[in-house]
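Structure, as structure tokens:
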Amino acid sequence: MDAAIPMILVVVKVLLVLGAVLTLVAYITLLERKLLGWIQVRLGPNRVGPWGLLQPLADGIKLLTKEEITVTKANRVVYILAPMIVVVCALIPFGVIPFAKGLGLERLLGGAAERFDLNTGVIADINVGILFIFAISSLGAYGVILGGWASNSKYSLLGGIRTGAQMISYELGLSLAVVGVLMIAGTLSLVEIVGEQSSVLRWFVFRQPVGFLLFLIAGAAEICRTPFDVIECENELVAGYQTEYSSMKFGLFYLGEYAHLLFLSALITTLFFGGWQGPIFPPIVWFMGKTFFFVFFFIWVRATYPRLRYDRVMAFGWKVLLPVGLINVMMTAFIYTVWLQFTGRGL
Amino acid sequence: MIIPLLQGLKVTLKYLFAKKVTLQYPDEKPQLARRWRGRHVLKTHASGKIKCVACMLCATACPAECISIVAAAEPDNRKYPESYVLDMGRCIWCGHCVEVCPKEAIEMATAYELAEYTREDLIYDKEALLQSPQERYVVEKRKAG
């Protein structure tokens with residue numbers, strides 16, 4: 001019994017975070033449509049509920065009640081599995097992102113809070129957090145590739161192949177962009193990386209500006225948003241890997257896509273913008289504010305830039321991002337070593 | 001390479017706060033020009049007599065051949081249309097009938113919500129054309145979001 005209560009509390013914590021993430025993801029779809037509308041001098045959705053606030057709900061009901069079509073020659077098991085992989089891989093990384101310092105539960109739970117790690121504002125503070133994130137989000141590519149293959153359609157397969165190629169080329173840039181941060185912070189744990197950025201000037205965006213830019217660009221390519229959304233490029237591939245999907249299976253792909261957007265914004269916040277830290281307001285407000293600034297930024301970018309040609313996307317990944325990332329890592333290592341030599345402490 | 005990208009972002013940011021052009025029809029109705037070519041109206045003199053003298057110019061000028069007039073004469077030999085039928089289903093809203101009319105007996109009002117469920121309902125007779133168009137589809141105005 002003594003052990004059961006903390007266990008239940010952990011489950012409650014997980015469910016709370018999951019609920020919050022799913023709600024936010026639903027409303028990001030509304031936010032995106034609103035912002036795109038405003039930028040195009042339209043109003044955006046405003047008929048369902050006040051200010052269009054019930055639109056995500058209506059969309060969800062619509063997706064759930066639509067006819068479910070499975071292509072005749074599809075590989076059924078993989079076909080159904082693919083959207084699940086995408087969603088699961090998009091949601092798991094939220095488990096290691098710290099969203100607040102403490103939850104203020106010391107008095108409520110006493111020693112149990114300490115013992116079962118219930119008080120930290122993160123579900124699991126694992127010491128290889130960033131590695132875990134990259135591992136899981138790379139697995140997400142499998143969902144897309146398998147979905148494209150199992151649909152037994154030209155467009156889906158081409159979309160899937162493009163995803164595979166793009167993910168491999170941009171994963172490199174993404175990882176190299178983070179290496180600089182990891183070297184300075186000296187840890188892979190996201191909680192400690194946030195702790196390292198204790199004041200605004202110590203935010204990694206100022207200590208690793210090139211790394212931040214690389215991460216921003218490679219991140220946009222990793223989650224396949226414009227201008228790098230060649231995998232679902234409407235005018236060439238209909239809808240890419242999700243061409244043959246309908247009903248809620250299509251909805252799950254979409255959910256995964258927007259969860260990725262939210263997750264990437266949260267990760268940029270954590271790695272480069274001091275995570276939940278900030279004055280006056282509670283940590284969660286700062287975390288959400290910074291995260292949603294980047295969500296807004298990605299939507300803004302989508303409204304501004306056209307899609308790149310597929311070969312240019314690949315060329316950019318290999319010929320620009322990778323060398324710049326390598327140079328950034330080497331320069332960081334060089335400066336870090338020199339600094340350590342002369343001052344006797346880290347950067 | 002970077003500067004044009006930032007300029008692009010600036011342009012879209014400017015439009016984000018620009019006044020929206022959307023007109024929430026039918027909650028909001030457009031401001032129509034005074035010379036908008038909407039539904040036809042047959043005019044009358046102040047005495048109530050119809051201005052039309054059944055000269056057939058409008059029926060002749062009509063490229064869609066949607067006007068058919070049966071003329072009749074009053075005791076003082078003044079001609080008037082006994083029936084004046086205008087088929088809105090055929091009308092192309094060119095306004096030739098209005099332009100050609102020597103008596104300014106036919107005009108076009110600004111009414112444009114003229115949909116009906118059957119083609120027969122689109123055929124307007126003299127009595128219908130004499131009345132000024134009723135406003136239709138009046139919806140309570142809501143605040144645009």
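Quick note on naming: the chains in the structure tokens go A, B, ... in the order shown, residues restart at 1 in each chain, and ligands are numbered from 1 in order of appearance.
These are the residues of segment 16-177 of chain A assigned strand (DSSP E) by DSSP from backbone coordinates: Ala100, Lys101, Gly102, Thr120 and Gly121 of chain A.
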Just the residues within 12 Å of segment 204-214 of chain A, please, counting only C-alpha atoms, with nothing from its chain fewer than 5 positions along; format it as an MDAnalysis selection string. (chainID A and resid 170:185 193:199 219:222 267:275 316:317 320:333 335:336 347) or (chainID B and resid 2)
Contacts from chain B to chain A, 10 Å maximum, only C-alpha atoms: show me the residue list as a VMD selection string. chain B and resid 5 to 24 144 to 145
Selection file, C-alpha atoms, as a PDB file, in the first residue's frame:
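To be explicit, this is the file written out as part05.pdb:
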```pdb
ATOM      1  CA  LEU B   5      14.145  35.625 -45.994  1.00  0.00           C
ATOM      2  CA  LEU B   6      13.781  38.078 -43.112  1.00  0.00           C
ATOM      3  CA  GLN B   7      12.060  40.569 -45.394  1.00  0.00           C
ATOM      4  CA  GLY B   8       9.569  37.854 -46.286  1.00  0.00           C
ATOM      5  CA  LEU B   9       8.879  37.221 -42.630  1.00  0.00           C
ATOM      6  CA  LYS B  10       8.370  40.941 -42.116  1.00  0.00           C
ATOM      7  CA  VAL B  11       5.798  41.107 -44.893  1.00  0.00           C
ATOM      8  CA  THR B  12       3.758  38.228 -43.499  1.00  0.00           C
ATOM      9  CA  LEU B  13       3.958  39.690 -40.004  1.00  0.00           C
ATOM     10  CA  LYS B  14       2.586  42.950 -41.328  1.00  0.00           C
ATOM     11  CA  TYR B  15      -0.362  41.164 -42.901  1.00  0.00           C
ATOM     12  CA  LEU B  16      -1.013  39.283 -39.682  1.00  0.00           C
ATOM     13  CA  PHE B  17      -2.202  42.544 -38.160  1.00  0.00           C
ATOM     14  CA  ALA B  18      -3.778  43.974 -41.312  1.00  0.00           C
ATOM     15  CA  LYS B  19      -7.506  44.561 -41.559  1.00  0.00           C
ATOM     16  CA  LYS B  20      -9.193  41.397 -42.784  1.00  0.00           C
ATOM     17  CA  VAL B  21     -11.021  41.506 -46.100  1.00  0.00           C
ATOM     18  CA  THR B  22     -13.464  38.687 -45.366  1.00  0.00           C
ATOM     19  CA  LEU B  23     -17.141  39.627 -45.661  1.00  0.00           C
ATOM     20  CA  GLN B  24     -19.234  37.331 -43.518  1.00  0.00           C
ATOM     21  CA  ALA B 144     -17.491  38.913 -36.800  1.00  0.00           C
ATOM     22  CA  GLY B 145     -14.794  36.865 -35.074  1.00  0.00           C
TER      23      GLY B 145
END
```
Hey, what's within 10 Å of Val98 of chain B if we count only C-alpha atoms and toss same-chain stuff fewer than 3 positions away? As a tab-separated table (two decimals) with N, CA and C atoms, in the first residue's frame, please?
```tsv
chain	number	residue	atom	x	y	z
B	37	ARG	N	-26.51	46.24	-61.21
B	37	ARG	CA	-27.58	45.70	-62.06
B	37	ARG	C	-28.21	44.49	-61.38
B	40	HIS	N	-35.02	43.68	-62.06
B	40	HIS	CA	-35.70	44.76	-62.77
B	40	HIS	C	-36.92	45.25	-62.01
B	41	VAL	N	-37.25	46.52	-62.20
B	41	VAL	CA	-38.46	47.11	-61.63
B	41	VAL	C	-39.13	47.92	-62.73
B	57	LEU	N	-39.07	48.01	-77.53
B	57	LEU	CA	-37.64	48.19	-77.73
B	57	LEU	C	-36.84	47.27	-76.80
B	58	CYS	N	-37.31	47.16	-75.56
B	58	CYS	CA	-36.56	46.31	-74.62
B	58	CYS	C	-36.59	44.86	-75.07
B	61	ALA	N	-34.21	44.59	-77.95
B	61	ALA	CA	-32.81	44.73	-77.61
B	61	ALA	C	-32.29	43.55	-76.79
B	62	CYS	N	-33.18	42.89	-76.12
B	62	CYS	CA	-32.74	41.84	-75.18
B	62	CYS	C	-32.01	40.71	-75.92
B	94	CYS	N	-27.62	42.20	-68.55
B	94	CYS	CA	-26.76	43.07	-69.34
B	94	CYS	C	-27.21	44.51	-69.24
B	95	GLY	N	-28.48	44.74	-68.93
B	95	GLY	CA	-28.97	46.11	-68.77
B	95	GLY	C	-29.33	46.79	-70.07
B	101	CYS	N	-34.66	51.89	-73.18
B	101	CYS	CA	-36.02	52.34	-72.89
B	101	CYS	C	-36.14	53.86	-73.05
B	102	PRO	N	-37.02	54.35	-73.94
B	102	PRO	CA	-37.14	55.81	-74.15
B	102	PRO	C	-37.92	56.49	-73.03
B	103	LYS	N	-38.64	55.74	-72.23
B	103	LYS	CA	-39.49	56.34	-71.21
B	103	LYS	C	-38.95	56.13	-69.80
B	104	GLU	N	-37.80	55.55	-69.72
B	104	GLU	CA	-37.24	55.19	-68.41
B	104	GLU	C	-38.25	54.43	-67.58
B	105	ALA	N	-38.92	53.51	-68.26
B	105	ALA	CA	-39.98	52.76	-67.60
B	105	ALA	C	-39.46	51.52	-66.91
B	106	ILE	N	-38.28	51.03	-67.29
B	106	ILE	CA	-37.72	49.84	-66.64
B	106	ILE	C	-36.35	50.21	-66.07
B	107	GLU	N	-36.15	49.81	-64.85
B	107	GLU	CA	-34.88	50.09	-64.18
B	107	GLU	C	-34.41	48.81	-63.51
B	108	MET	N	-33.16	48.86	-63.07
B	108	MET	CA	-32.67	47.68	-62.33
B	108	MET	C	-32.39	48.11	-60.89
```
Could you name the residues that touch segment 16-31 of chain A at 10 Å or less, counting only C-alpha atoms, but leaving out those on the same chain fewer than 3 positions away, as a short mmCIF file (atom, residue, chain, number, x, y, z; two decimals) with C-alpha atoms, in the first residue's frame?
```
data_model
loop_
_atom_site.label_atom_id
_atom_site.label_comp_id
_atom_site.auth_asym_id
_atom_site.auth_seq_id
_atom_site.Cartn_x
_atom_site.Cartn_y
_atom_site.Cartn_z
CA VAL A 10 3.09 8.79 -11.17
CA VAL A 11 0.35 7.44 -13.41
CA VAL A 12 -1.77 10.51 -12.63
CA LYS A 13 1.17 12.75 -13.51
CA LYS A 34 -6.28 31.03 -37.47
CA LEU A 35 -2.78 32.41 -37.98
CA LEU A 36 -2.61 31.27 -41.60
CA GLY A 37 -5.99 32.90 -42.14
CA GLY A 44 -9.87 31.79 -40.19
CA PRO A 45 -12.38 29.36 -38.65
CA ASN A 46 -14.94 31.21 -36.53
CA GLY A 52 -14.01 29.00 -33.49
CA LEU A 53 -12.88 27.46 -30.23
CA LEU A 54 -14.84 24.24 -30.71
CA GLN A 55 -13.35 23.66 -34.16
CA PRO A 56 -10.81 21.02 -32.99
CA LEU A 57 -13.65 19.11 -31.35
CA ASP A 59 -12.73 18.13 -36.56
CA GLY A 60 -12.18 15.22 -34.19
CA LEU A 91 4.17 11.56 -27.58
CA ILE A 92 6.87 9.62 -25.69
CA PHE A 94 7.35 14.66 -23.74
CA GLY A 95 8.21 12.36 -20.86
CA PHE A 99 8.20 21.77 -17.82
CA VAL A 122 9.31 16.22 -15.45
CA ILE A 123 7.98 12.71 -15.77
CA TYR A 254 -2.06 14.53 -38.20
CA LEU A 255 -1.98 14.26 -34.44
CA GLY A 256 1.57 12.94 -34.70
CA GLU A 257 2.57 15.80 -36.96
CA TYR A 258 1.31 18.49 -34.61
CA ALA A 259 2.61 16.68 -31.55
CA HIS A 260 6.02 16.77 -33.27
CA LEU A 261 5.64 20.51 -33.78
CA LEU A 262 4.83 21.06 -30.11
CA PHE A 263 7.60 18.72 -29.04
CA PHE A 292 4.29 28.71 -28.09
CA VAL A 295 5.00 27.11 -32.45
CA PHE A 296 4.01 30.54 -33.71
CA ILE A 299 3.47 28.60 -38.43
#
```
Among the residues of chain B, find those DSSP assigns to helix (DSSP H, G or I) from the backbone and print them as a PyMOL selection string. chain B and resi 2-16+57-61+96-100+120-122+126-130
For the selection just defined, write its residues with N, CA and C atoms to a file, as a compact mmCIF listing (two decimals), in the first residue's frame.
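Result file follows (again_32.txt):
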```txt
# COMPACT_ATOMS: atom_id res chain seq x y z
N ILE B 2 20.15 35.67 -46.44
CA ILE B 2 19.33 35.72 -45.22
C ILE B 2 18.38 36.92 -45.25
N ILE B 3 18.87 38.06 -45.79
CA ILE B 3 18.08 39.29 -45.73
C ILE B 3 16.71 39.12 -46.40
N PRO B 4 16.65 38.59 -47.64
CA PRO B 4 15.33 38.43 -48.26
C PRO B 4 14.41 37.52 -47.45
N LEU B 5 14.98 36.51 -46.82
CA LEU B 5 14.15 35.62 -45.99
C LEU B 5 13.50 36.41 -44.85
N LEU B 6 14.32 37.27 -44.21
CA LEU B 6 13.78 38.08 -43.11
C LEU B 6 12.76 39.08 -43.62
N GLN B 7 13.03 39.63 -44.82
CA GLN B 7 12.06 40.57 -45.39
C GLN B 7 10.72 39.87 -45.61
N GLY B 8 10.79 38.62 -46.09
CA GLY B 8 9.57 37.85 -46.29
C GLY B 8 8.81 37.70 -44.99
N LEU B 9 9.53 37.38 -43.93
CA LEU B 9 8.88 37.22 -42.63
C LEU B 9 8.24 38.54 -42.19
N LYS B 10 8.91 39.64 -42.51
CA LYS B 10 8.37 40.94 -42.12
C LYS B 10 7.05 41.21 -42.84
N VAL B 11 7.02 40.87 -44.11
CA VAL B 11 5.80 41.11 -44.89
C VAL B 11 4.63 40.32 -44.31
N THR B 12 4.86 39.04 -44.03
CA THR B 12 3.76 38.23 -43.50
C THR B 12 3.34 38.72 -42.12
N LEU B 13 4.31 39.19 -41.33
CA LEU B 13 3.96 39.69 -40.00
C LEU B 13 3.09 40.93 -40.12
N LYS B 14 3.38 41.75 -41.13
CA LYS B 14 2.59 42.95 -41.33
C LYS B 14 1.14 42.57 -41.66
N TYR B 15 0.99 41.56 -42.51
CA TYR B 15 -0.36 41.16 -42.90
C TYR B 15 -1.11 40.48 -41.77
N LEU B 16 -0.36 39.93 -40.82
CA LEU B 16 -1.01 39.28 -39.68
C LEU B 16 -1.89 40.27 -38.94
N LEU B 57 -39.07 48.01 -77.53
CA LEU B 57 -37.64 48.19 -77.73
C LEU B 57 -36.84 47.27 -76.80
N CYS B 58 -37.31 47.16 -75.56
CA CYS B 58 -36.56 46.31 -74.62
C CYS B 58 -36.59 44.86 -75.07
N ALA B 59 -37.75 44.40 -75.50
CA ALA B 59 -37.85 43.02 -75.95
C ALA B 59 -36.99 42.78 -77.17
N THR B 60 -36.87 43.80 -78.03
CA THR B 60 -36.05 43.68 -79.23
C THR B 60 -34.57 43.71 -78.88
N ALA B 61 -34.21 44.59 -77.95
CA ALA B 61 -32.81 44.73 -77.61
C ALA B 61 -32.29 43.55 -76.79
N HIS B 96 -29.33 46.06 -71.18
CA HIS B 96 -29.70 46.67 -72.46
C HIS B 96 -31.14 47.19 -72.44
N CYS B 97 -32.04 46.46 -71.77
CA CYS B 97 -33.44 46.88 -71.72
C CYS B 97 -33.57 48.24 -71.05
N VAL B 98 -32.76 48.46 -70.00
CA VAL B 98 -32.82 49.74 -69.29
C VAL B 98 -32.26 50.84 -70.17
N GLU B 99 -31.18 50.55 -70.86
CA GLU B 99 -30.52 51.56 -71.67
C GLU B 99 -31.39 51.99 -72.84
N VAL B 100 -32.09 51.03 -73.42
CA VAL B 100 -32.81 51.31 -74.66
C VAL B 100 -34.16 51.97 -74.39
N GLU B 120 -40.11 27.88 -62.79
CA GLU B 120 -41.33 28.63 -63.03
C GLU B 120 -41.39 29.87 -62.14
N ASP B 121 -40.89 29.73 -60.92
CA ASP B 121 -40.92 30.86 -59.99
C ASP B 121 -40.04 32.01 -60.45
N LEU B 122 -39.13 31.72 -61.38
CA LEU B 122 -38.22 32.76 -61.85
C LEU B 122 -38.86 33.63 -62.93
N LYS B 126 -46.11 41.13 -64.76
CA LYS B 126 -46.14 42.59 -64.61
C LYS B 126 -46.32 43.01 -63.15
N GLU B 127 -47.20 42.32 -62.43
CA GLU B 127 -47.48 42.70 -61.04
C GLU B 127 -46.23 42.54 -60.19
N ALA B 128 -45.53 41.45 -60.41
CA ALA B 128 -44.31 41.22 -59.62
C ALA B 128 -43.26 42.26 -59.93
N LEU B 129 -43.16 42.64 -61.21
CA LEU B 129 -42.12 43.59 -61.60
C LEU B 129 -42.45 45.00 -61.14
N LEU B 130 -43.74 45.28 -60.94
CA LEU B 130 -44.12 46.62 -60.49
C LEU B 130 -43.74 46.85 -59.03
```
Extract, using only C-alpha atoms, all DNA, RNA and protein residues at most 6 Å from segment 145-162 of chain A, discarding same-chain residues fewer than 6 positions from it, and format them as a ChimeraX atom specification. /A:74-75,78-79,82,231,237,240-241,243
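The space between atom CA of Glu67 of chain A and atom CA of Val48 of chain A spans 22.4 Å.
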Atom pair atom CA of Lys62 of chain A + atom CA of Leu264 of chain A, distance 27.5 Å
Given only C-alpha atoms as the counted atoms, nearest of A:Asp311, A:Asp229, A:Glu32, A:Asp125 to Pro98 of chain A: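 That would be A:Asp125, the residue with the smallest distance to Pro98 of chain A.
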One decimal, in Å: what's the spacing between atom CA of Thr291 of chain A and atom CA of Ala266 of chain A?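 According to the coordinates, atom CA of Thr291 of chain A and atom CA of Ala266 of chain A are separated by 5.0 Å.
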